$ cat entry_5.txt   # compact mmCIF, C-alpha atoms
# COMPACT_ATOMS: atom_id res chain seq x y z
CA MET A 72 14.96 -21.23 3.09
CA ASN A 73 18.74 -21.87 3.33
CA GLU A 74 19.01 -22.30 -0.43
CA ARG A 75 17.13 -19.05 -0.99
CA LEU A 76 19.36 -17.24 1.51
CA ASP A 77 22.53 -18.51 -0.18
CA SER A 78 21.17 -17.47 -3.58
CA MET A 79 20.29 -13.97 -2.36
CA LEU A 80 23.68 -13.49 -0.69
CA ARG A 81 25.42 -14.49 -3.92
CA ARG A 82 23.25 -12.03 -5.83
CA TYR A 83 24.05 -9.35 -3.23
CA LYS A 84 27.77 -9.67 -4.01
CA GLU A 85 27.06 -9.51 -7.75
CA VAL A 86 24.91 -6.37 -7.44
CA ALA A 87 27.48 -4.76 -5.12
CA LYS A 88 30.00 -5.05 -7.96
CA LEU A 89 27.49 -3.75 -10.52
CA ILE A 90 26.89 -0.49 -8.66
CA GLU A 91 30.64 0.22 -8.67
CA ASP A 92 30.55 0.42 -12.47
CA PRO A 93 30.57 4.14 -13.47
CA GLN A 94 28.76 3.23 -16.72
CA LEU A 95 25.65 2.22 -14.77
CA VAL A 96 24.47 5.80 -14.15
CA ARG A 97 24.22 6.43 -17.90
CA ASP A 98 21.11 4.26 -18.03
CA GLN A 99 18.88 5.86 -15.40
CA ASN A 100 16.20 3.15 -15.53
CA LYS A 101 18.76 0.38 -15.05
CA TYR A 102 20.51 2.41 -12.34
CA ARG A 103 17.22 2.90 -10.44
CA ASP A 104 16.30 -0.79 -10.68
CA THR A 105 19.79 -1.91 -9.64
CA MET A 106 19.88 0.40 -6.62
CA ARG A 107 16.42 -0.79 -5.55
CA GLU A 108 17.55 -4.41 -5.77
CA TYR A 109 20.74 -3.58 -3.86
CA SER A 110 18.72 -1.95 -1.07
CA GLN A 111 16.52 -5.03 -0.70
CA LEU A 112 19.43 -7.46 -0.78
CA SER A 113 21.39 -5.31 1.70
CA ALA A 114 18.58 -5.74 4.23
CA VAL A 115 18.82 -9.53 3.82
CA ALA A 116 22.62 -9.50 4.12
CA GLU A 117 22.52 -7.34 7.27
CA ALA A 118 19.86 -9.55 8.88
CA ALA A 119 21.90 -12.68 8.05
CA GLN A 120 25.06 -11.13 9.51
CA GLU A 121 23.20 -10.15 12.68
CA ALA A 122 21.80 -13.69 13.09
CA ASP A 123 25.26 -15.23 12.57
CA ALA A 124 26.85 -12.88 15.11
CA LEU A 125 24.18 -13.71 17.69
CA LYS A 126 24.68 -17.45 17.13
CA LYS A 127 28.41 -17.05 17.87
CA GLN A 128 27.66 -15.03 21.01
CA LEU A 129 25.17 -17.70 22.05
CA GLU A 130 27.79 -20.42 21.71
CA GLY A 131 30.19 -18.30 23.76
CA ALA A 132 27.63 -17.91 26.53
CA LYS A 133 26.96 -21.68 26.57
CA ASN A 134 30.69 -22.42 26.81
CA MET A 135 31.04 -19.93 29.64
CA ILE A 136 28.26 -21.64 31.61
CA GLN A 137 30.01 -25.00 31.19
CA ASP A 138 33.50 -23.77 32.03
CA GLU A 139 32.79 -21.15 34.70
CA THR A 140 33.17 -22.19 38.35
CA ASP A 141 32.15 -18.89 39.97
CA PRO A 142 28.38 -19.11 40.79
CA GLU A 143 27.82 -15.39 40.23
CA MET A 144 29.54 -15.39 36.84
CA LYS A 145 27.65 -18.55 35.91
CA GLU A 146 24.35 -16.84 36.70
CA LEU A 147 25.34 -13.77 34.67
CA ALA A 148 26.14 -16.05 31.74
CA ARG A 149 22.72 -17.69 32.07
CA ASP A 150 21.03 -14.25 31.99
CA GLU A 151 23.07 -13.34 28.92
CA LEU A 152 22.11 -16.65 27.29
CA ARG A 153 18.38 -16.01 27.80
CA ASN A 154 18.74 -12.52 26.38
CA LEU A 155 20.68 -13.78 23.37
CA GLU A 156 18.07 -16.49 22.69
CA ILE A 157 15.33 -13.86 22.54
CA ARG A 158 17.38 -11.61 20.27
CA LEU A 159 18.30 -14.53 18.01
CA LYS A 160 14.66 -15.56 17.63
CA ASP A 161 13.74 -12.00 16.66
CA ALA A 162 16.62 -11.85 14.17
CA ASP A 163 15.67 -15.24 12.66
CA ASP A 164 12.04 -14.18 12.31
CA ARG A 165 13.08 -10.93 10.63
CA LEU A 166 15.35 -12.83 8.24
CA LYS A 167 12.60 -15.33 7.40
CA PHE A 168 10.24 -12.47 6.56
CA LEU A 169 12.87 -10.91 4.29
CA LEU A 170 13.34 -14.21 2.50
CA ILE A 171 9.65 -14.44 1.57
CA PRO A 172 9.42 -13.54 -2.14
CA ARG A 173 8.06 -10.01 -2.49
CA ASP A 174 5.12 -9.23 -4.68
CA PRO A 175 6.57 -7.35 -7.67
CA LEU A 176 3.64 -4.95 -7.44
CA ASP A 177 4.69 -3.73 -3.96
CA GLU A 178 7.05 -1.11 -5.36
CA LYS A 179 4.54 0.36 -7.77
CA ASN A 180 2.90 3.76 -7.56
CA ILE A 181 -0.89 3.71 -7.34
CA ILE A 182 -4.09 5.28 -8.55
CA MET A 183 -6.49 5.60 -5.62
CA GLU A 184 -10.23 6.02 -6.19
CA ILE A 185 -12.44 7.15 -3.30
CA ARG A 186 -16.22 7.17 -3.85
CA ALA A 187 -19.11 8.08 -1.57
CA GLY A 188 -21.49 5.16 -1.06
CA THR A 189 -24.65 4.97 1.03
CA GLY A 190 -25.25 8.00 3.19
CA GLY A 191 -25.65 10.92 0.79
CA ASP A 192 -23.91 14.13 1.88
CA GLU A 193 -22.45 12.49 4.98
CA ALA A 194 -20.79 9.79 2.86
CA ALA A 195 -19.36 12.49 0.58
CA LEU A 196 -17.96 14.36 3.59
CA PHE A 197 -16.34 11.18 4.90
CA ALA A 198 -14.84 10.55 1.45
CA ALA A 199 -13.14 13.95 1.83
CA ASP A 200 -11.96 12.94 5.32
CA LEU A 201 -10.40 9.75 3.98
CA TYR A 202 -8.74 11.69 1.18
CA ARG A 203 -7.15 14.02 3.77
CA MET A 204 -6.10 11.04 5.92
CA TYR A 205 -4.27 9.40 3.03
CA SER A 206 -2.72 12.66 1.81
CA ARG A 207 -1.37 13.46 5.29
CA PHE A 208 0.11 9.98 5.60
CA ALA A 209 1.68 10.42 2.15
CA GLU A 210 3.29 13.67 3.35
CA THR A 211 4.94 11.84 6.28
CA ARG A 212 6.45 9.37 3.81
CA GLY A 213 7.61 11.99 1.34
CA TRP A 214 5.29 10.65 -1.35
CA LYS A 215 3.88 12.74 -4.18
CA PHE A 216 0.09 13.14 -4.07
CA GLU A 217 -1.75 14.42 -7.16
CA ILE A 218 -5.49 14.79 -7.78
CA MET A 219 -6.41 13.25 -11.12
CA SER A 220 -10.16 13.82 -11.08
CA SER A 221 -12.75 14.96 -8.54
CA ASN A 222 -16.47 15.59 -8.16
CA GLU A 223 -16.99 17.92 -5.21
CA THR A 224 -20.29 18.56 -3.42
CA GLU A 225 -21.58 21.93 -2.25
CA LEU A 226 -20.82 21.00 1.39
CA GLY A 227 -17.14 20.31 0.63
CA GLY A 228 -17.35 16.55 0.33
CA PHE A 229 -16.53 14.36 -2.65
CA LYS A 230 -18.88 12.15 -4.58
CA GLU A 231 -15.69 10.83 -6.15
CA ILE A 232 -12.03 11.74 -6.04
CA ILE A 233 -9.25 9.98 -7.94
CA CYS A 234 -5.61 10.67 -7.16
CA SER A 235 -2.18 9.28 -7.93
CA ILE A 236 0.35 8.55 -5.19
CA SER A 237 3.98 7.97 -6.10
CA GLY A 238 7.03 7.20 -4.00
CA SER A 239 8.81 4.33 -2.29
CA ASN A 240 6.75 1.14 -1.80
CA VAL A 241 3.41 2.93 -2.09
CA TYR A 242 1.39 -0.10 -3.17
CA GLU A 243 2.93 -2.26 -0.44
CA ASN A 244 1.62 0.15 2.20
CA LEU A 245 -1.79 1.01 0.73
CA ARG A 246 -2.84 -2.16 -1.12
CA TYR A 247 -5.07 -3.32 1.74
CA GLU A 248 -7.18 -0.15 1.68
CA SER A 249 -9.39 -1.46 -1.13
CA GLY A 250 -12.91 -2.13 0.10
CA VAL A 251 -15.83 -0.56 1.94
CA HIS A 252 -15.05 1.85 4.78
CA ARG A 253 -18.00 2.28 7.15
CA VAL A 254 -18.38 5.40 9.31
CA GLN A 255 -20.59 5.88 12.36
CA ARG A 256 -20.96 9.45 13.60
CA VAL A 257 -23.36 12.36 14.09
CA PRO A 258 -23.38 14.35 10.83
CA ALA A 259 -22.80 18.09 11.00
CA THR A 260 -26.18 18.50 9.31
CA GLU A 261 -28.02 16.37 11.93
CA ALA A 262 -29.99 18.57 14.33
CA SER A 263 -31.28 15.79 16.61
CA GLY A 264 -27.83 14.35 17.38
CA ARG A 265 -28.57 10.89 15.98
CA ILE A 266 -25.67 8.69 14.89
CA HIS A 267 -25.74 7.86 11.19
CA THR A 268 -23.98 5.01 9.39
CA SER A 269 -22.51 5.79 5.99
CA ALA A 270 -20.07 4.06 3.65
CA VAL A 271 -17.26 5.01 1.31
CA THR A 272 -15.63 2.73 -1.25
CA VAL A 273 -11.87 2.83 -1.85
CA ALA A 274 -10.03 1.20 -4.74
CA VAL A 275 -6.23 0.99 -4.87
CA LEU A 276 -4.89 0.27 -8.35
CA PRO A 277 -1.19 -0.33 -9.08
CA GLU A 278 -0.20 2.18 -11.75
CA ALA A 279 0.95 0.58 -14.98
CA ASP A 280 3.72 1.85 -17.21
CA GLU A 281 2.96 2.43 -20.87
CA THR A 282 5.16 -0.54 -21.75
CA GLU A 283 3.12 -2.85 -19.47
CA ILE A 284 -0.31 -2.13 -20.95
CA ASP A 285 -0.64 -1.81 -24.71
CA ILE A 286 -3.74 0.25 -25.53
CA LYS A 287 -4.50 0.50 -29.22
CA PRO A 288 -5.87 3.86 -30.46
CA GLU A 289 -8.60 2.06 -32.43
CA ASP A 290 -9.86 0.55 -29.15
CA LEU A 291 -10.64 3.99 -27.70
CA ARG A 292 -13.58 6.32 -28.05
CA ILE A 293 -12.63 9.81 -26.90
CA ASP A 294 -15.30 12.46 -26.25
CA VAL A 295 -14.60 16.08 -25.33
CA MET A 296 -17.03 18.41 -23.57
CA ARG A 297 -17.22 21.43 -21.33
CA ALA A 298 -16.42 20.85 -17.70
CA GLY A 299 -19.09 21.29 -15.07
CA GLY A 300 -18.89 21.79 -11.31
CA PRO A 301 -21.12 21.73 -8.20
CA GLY A 302 -24.57 23.08 -8.94
CA GLY A 303 -24.09 22.59 -12.66
CA GLN A 304 -22.29 25.85 -13.39
CA CYS A 305 -19.60 25.93 -16.08
CA VAL A 306 -16.06 25.71 -14.83
CA ASN A 307 -14.77 27.08 -18.12
CA THR A 308 -16.05 27.87 -21.59
CA THR A 309 -13.83 25.54 -23.61
CA ASP A 310 -14.21 21.85 -24.40
CA SER A 311 -11.52 20.78 -21.91
CA ALA A 312 -13.24 17.84 -20.21
CA VAL A 313 -12.38 14.42 -21.63
CA ARG A 314 -14.14 11.06 -21.46
CA ILE A 315 -12.33 7.97 -22.72
CA ILE A 316 -14.08 4.64 -23.26
CA HIS A 317 -12.04 1.49 -23.77
CA LEU A 318 -14.25 -0.42 -26.19
CA PRO A 319 -12.99 -3.98 -25.55
CA THR A 320 -13.63 -3.77 -21.78
CA GLY A 321 -16.25 -1.02 -21.57
CA ILE A 322 -14.16 0.84 -18.98
CA SER A 323 -14.96 4.56 -18.98
CA VAL A 324 -12.88 7.39 -17.49
CA HIS A 325 -13.85 11.06 -17.22
CA CYS A 326 -11.43 13.90 -16.33
CA GLN A 327 -12.20 17.60 -16.13
CA ASP A 328 -10.05 19.09 -13.36
CA GLU A 329 -7.48 20.66 -15.69
CA LYS A 330 -8.25 23.61 -17.98
CA SER A 331 -6.20 21.92 -20.67
CA GLN A 332 -7.82 19.19 -22.76
CA ILE A 333 -4.38 17.65 -23.33
CA LYS A 334 -3.68 17.38 -19.58
CA ASN A 335 -7.13 15.92 -18.89
CA LYS A 336 -6.60 13.35 -21.63
CA ALA A 337 -3.19 12.40 -20.21
CA LYS A 338 -4.66 11.92 -16.72
CA ALA A 339 -7.60 9.93 -18.09
CA MET A 340 -5.20 7.62 -19.91
CA ARG A 341 -3.23 6.98 -16.71
CA ILE A 342 -6.42 6.06 -14.85
CA LEU A 343 -7.61 3.88 -17.73
CA ARG A 344 -4.28 2.09 -17.92
CA ALA A 345 -4.37 1.39 -14.15
CA ARG A 346 -7.92 0.01 -14.33
CA ILE A 347 -7.08 -2.30 -17.22
CA TYR A 348 -3.91 -3.39 -15.41
CA GLU A 349 -5.90 -4.15 -12.26
CA MET A 350 -8.39 -6.20 -14.27
CA GLU A 351 -5.61 -8.27 -15.81
CA GLU A 352 -3.91 -8.68 -12.43
CA ALA A 353 -7.20 -9.90 -10.92
CA LYS A 354 -7.35 -12.61 -13.57
CA ALA A 355 -3.75 -13.60 -12.89
CA ALA A 356 -4.34 -13.58 -9.11
CA SER A 357 -7.03 -16.26 -9.44
CA GLU A 358 -4.39 -18.56 -10.91
CA ARG A 359 -1.75 -17.94 -8.25
CA ALA A 360 -0.83 -20.17 -5.34
CA GLU A 361 -3.22 -20.55 -2.38
CA ALA A 362 -0.71 -18.63 -0.24
CA ARG A 363 -1.59 -15.43 -2.07
CA LYS A 364 -5.29 -15.95 -1.40
CA SER A 365 -4.63 -16.19 2.33
CA GLN A 366 -3.46 -12.58 2.46
CA VAL A 367 -5.50 -9.93 4.27
CA GLY A 368 -8.84 -9.73 2.52
CA SER A 369 -9.53 -10.13 -1.15
CA GLY A 370 -9.20 -6.49 -2.13
CA ASP A 371 -12.77 -6.68 -3.38
CA ARG A 372 -14.39 -3.25 -3.29
CA SER A 373 -17.65 -4.81 -2.06
CA GLU A 374 -15.97 -6.20 1.06
CA ARG A 375 -16.49 -4.20 4.28
CA ILE A 376 -13.01 -3.90 5.70
CA ARG A 377 -13.16 -1.25 8.43
CA THR A 378 -15.46 0.70 10.74
CA TYR A 379 -14.75 4.23 11.97
CA ASN A 380 -16.82 4.91 15.12
CA PHE A 381 -16.42 8.59 15.99
CA PRO A 382 -18.51 8.69 19.25
CA GLN A 383 -16.21 6.01 20.73
CA ASN A 384 -13.04 7.32 19.02
CA ARG A 385 -12.67 3.73 17.78
CA LEU A 386 -11.37 2.19 14.57
CA THR A 387 -11.86 -1.52 13.88
CA ASP A 388 -10.31 -3.42 11.00
CA HIS A 389 -12.52 -6.47 10.58
CA ARG A 390 -10.01 -8.54 8.59
CA ILE A 391 -7.41 -8.80 11.34
CA ASN A 392 -9.66 -8.04 14.34
CA LEU A 393 -7.62 -4.96 15.22
CA THR A 394 -9.23 -2.18 17.27
CA LEU A 395 -7.53 1.16 17.96
CA TYR A 396 -8.95 3.83 20.25
CA LYS A 397 -7.26 6.77 18.57
CA LEU A 398 -9.53 7.54 15.64
CA ASP A 399 -8.88 11.27 16.02
CA LEU A 400 -5.18 10.68 15.38
CA VAL A 401 -5.83 8.20 12.58
CA MET A 402 -7.89 10.77 10.68
CA GLN A 403 -4.90 13.14 10.94
CA GLY A 404 -2.76 10.60 9.07
CA ASP A 405 -1.39 8.58 12.01
CA VAL A 406 -2.06 5.24 10.30
CA ALA A 407 1.38 3.60 10.28
CA GLU A 408 0.44 1.24 13.13
CA LEU A 409 -2.64 0.08 11.23
CA PHE A 410 -0.84 -0.37 7.91
CA ASP A 411 2.07 -2.21 9.56
CA ALA A 412 -0.36 -4.62 11.27
CA LEU A 413 -2.02 -5.37 7.92
CA LYS A 414 1.33 -6.00 6.22
CA LEU A 415 2.51 -8.20 9.09
CA SER A 416 -0.67 -10.27 9.00
CA ALA A 417 -0.28 -10.81 5.26
CA ARG A 418 3.38 -11.77 5.60
CA ASP A 419 2.55 -14.14 8.48
CA ALA A 420 0.06 -15.89 6.24
CA LEU A 421 2.63 -16.16 3.45
CA TYR A 422 5.34 -17.40 5.80
CA GLY A 423 3.00 -19.98 7.30
CA ALA A 424 2.05 -21.20 3.85
CA ALA A 425 5.71 -21.32 2.74
CA ALA A 426 6.74 -23.19 5.90
CA GLY A 427 4.05 -25.80 5.30
CA GLU A 428 5.19 -26.58 1.78

$ encode --input "entry_5.txt" --output "structure tokens"
Amino acid sequence: MNERLDSMLRRYKEVAKLIEDPQLVRDQNKYRDTMREYSQLSAVAEAAQEADALKKQLEGAKNMIQDETDPEMKELARDELRNLEIRLKDADDRLKFLLIPRDPLDEKNIIMEIRAGTGGDEAALFAADLYRMYSRFAETRGWKFEIMSSNETELGGFKEIICSISGSNVYENLRYESGVHRVQRVPATEASGRIHTSAVTVAVLPEADETEIDIKPEDLRIDVMRAGGPGGQCVNTTDSAVRIIHLPTGISVHCQDEKSQIKNKAKAMRILRARIYEMEEAKAASERAEARKSQVGSGDRSERIRTYNFPQNRLTDHRINLTLYKLDLVMQGDVAELFDALKLSARDALYGAAAGE
């Protein structure tokens, strides 16, 4: 850990000099990447400085206890020592977390796919509820939320909705949402008041840049058709809907939300690229260190990760055994506590694995 800290502090000084170069802003991509690295390294440098300052204060308090003859002053020094020890432990823990190598995917934007599972109309309505929950959370973070494709039901639910979310550290915050979300509540359409159990599947895919995934035109089959909506009526009278099939993998993407065929094709390509990228990442993940496998859940879409019990106003995340009795607030986008707990659990697992090496 000390070697890594020294290396990062040296790099921090190097990057600090780089950002002073007025030529840097001419290359916007390099400027963005450099500023992002500087921000991360600054957090490490600040945490290291705080830990060092607390260690010096701690030594001062110990010396005061040894040298002081006044009983009252000695007791005050002991109180200060206990307080400093607690603060130093917190600072050391924070620094250790910052020194854990970050997953390069954490900073990526994402494609999120939400699909109704078992439960018919009720599952579709809950899919819409989850979509609103994520979009409201995105608003609090200043992220950009864009619908890529959707299949709405007559009751206002979604059989499927695919959206892109872009901003700062989106994948880091939402990566653990992949899986089966189970809901227990009385449906609006239920006359007898019985509680139903339904399920919605969420997939979180890191969005790939065009340079990261090379898709050859000859590997694609592109079909165009007229878009349809709930009940089967025509949304428009032009062939604007697009379906793209990636022949080597068999992955198929359909987009029809835009009136423009060109825009639908562009959105479909973004979704396709993300799905291929996820598939390649899944292969790479199986070859990574055991520490990565000890993170929260597998991200498998068949894994039940969470239960939303509306009669009890209770949310339970089964991977980290966390239960919150504020489901009403969670559905309004108040999910930071949940997401932070998931990230902390994953980082704890990584830190434990790193410490054992």

$ atom_distance --input "entry_5.txt" --atom1 "CA of Ala312 (chain A)" --atom2 "CA of Ile333 (chain A)"
9.4 Å

$ atom_distance --input "entry_5.txt" --atom1 "CA of His389 (chain A)" --atom2 "CA of Ala412 (chain A)"
12.3 Å

$ atom_distance --input "entry_5.txt" --atom1 "CA of Gly213 (chain A)" --atom2 "CA of Asp405 (chain A)"
14.4 Å

$ residues_around --input "entry_5.txt" --residues "Glu146 (chain A)" --least-positions-apart "5" --cutoff "12 Å" --atoms "only C-alpha atoms" --output "mmCIF file with C-alpha atoms, in the coordinates of the input"
data_model
loop_
_atom_site.group_PDB
_atom_site.id
_atom_site.type_symbol
_atom_site.label_atom_id
_atom_site.label_comp_id
_atom_site.auth_asym_id
_atom_site.auth_seq_id
_atom_site.Cartn_x
_atom_site.Cartn_y
_atom_site.Cartn_z
ATOM 1 C CA ALA A 132 27.630 -17.910 26.530
ATOM 2 C CA LYS A 133 26.960 -21.680 26.570
ATOM 3 C CA MET A 135 31.040 -19.930 29.640
ATOM 4 C CA ILE A 136 28.260 -21.640 31.610
ATOM 5 C CA GLN A 137 30.010 -25.000 31.190
ATOM 6 C CA GLU A 139 32.790 -21.150 34.700
ATOM 7 C CA THR A 140 33.170 -22.190 38.350
ATOM 8 C CA ASP A 141 32.150 -18.890 39.970
ATOM 9 C CA GLU A 151 23.070 -13.340 28.920
ATOM 10 C CA LEU A 152 22.110 -16.650 27.290
ATOM 11 C CA ARG A 153 18.380 -16.010 27.800
#

$ closest_residue --input "entry_5.txt" --among "A:Ser331, A:Ala162, A:Thr105, A:Glu351" --to "Asp92 (chain A)" --atoms "all atoms listed in the file"
A:Thr105

$ residues_around --input "entry_5.txt" --residues "Asn335 (chain A)" --least-positions-apart "3" --cutoff "12 Å" --atoms "only C-alpha atoms" --output "ChimeraX atom specification"
/A:218-221,293-298,310-315,324-332,338-342

$ residues_near_point --input "entry_5.txt" --point "(-23.3, 12.0, 9.9)" --cutoff "6 Å" --atoms "all atoms listed in the file" --output "count of residues only"
5

$ closest_residue --input "entry_5.txt" --among "A:Asp285, A:Glu261, A:Glu349, A:Glu108" --to "Arg173 (chain A)" --atoms "all atoms listed in the file"
A:Glu108

$ residues_around --input "entry_5.txt" --residues "region 194-206 of chain A" --least-positions-apart "3" --cutoff "6 Å" --atoms "all atoms listed in the file" --output "JSON, numbers by chain"
{"A": [187, 190, 191, 209, 228, 229, 230, 269, 270, 402, 403, 404]}

$ closest_residue --input "entry_5.txt" --among "A:Leu155, A:Met106, A:Ala259, A:Ala353" --to "Ala122 (chain A)" --atoms "only C-alpha atoms"
A:Leu155

$ closest_residue --input "entry_5.txt" --among "A:Lys397, A:Arg186, A:Arg344, A:Arg165" --to "Glu281 (chain A)" --atoms "all atoms listed in the file"
A:Arg344

$ axis_aligned_box --input "entry_5.txt" --around "region 181-193 of chain A" --padding-each-side "4 Å" --output "JSON"
{"center_x": -13.3, "center_y": 8.9, "center_z": -1.8, "size_x": 32.8, "size_y": 18.4, "size_z": 21.5}
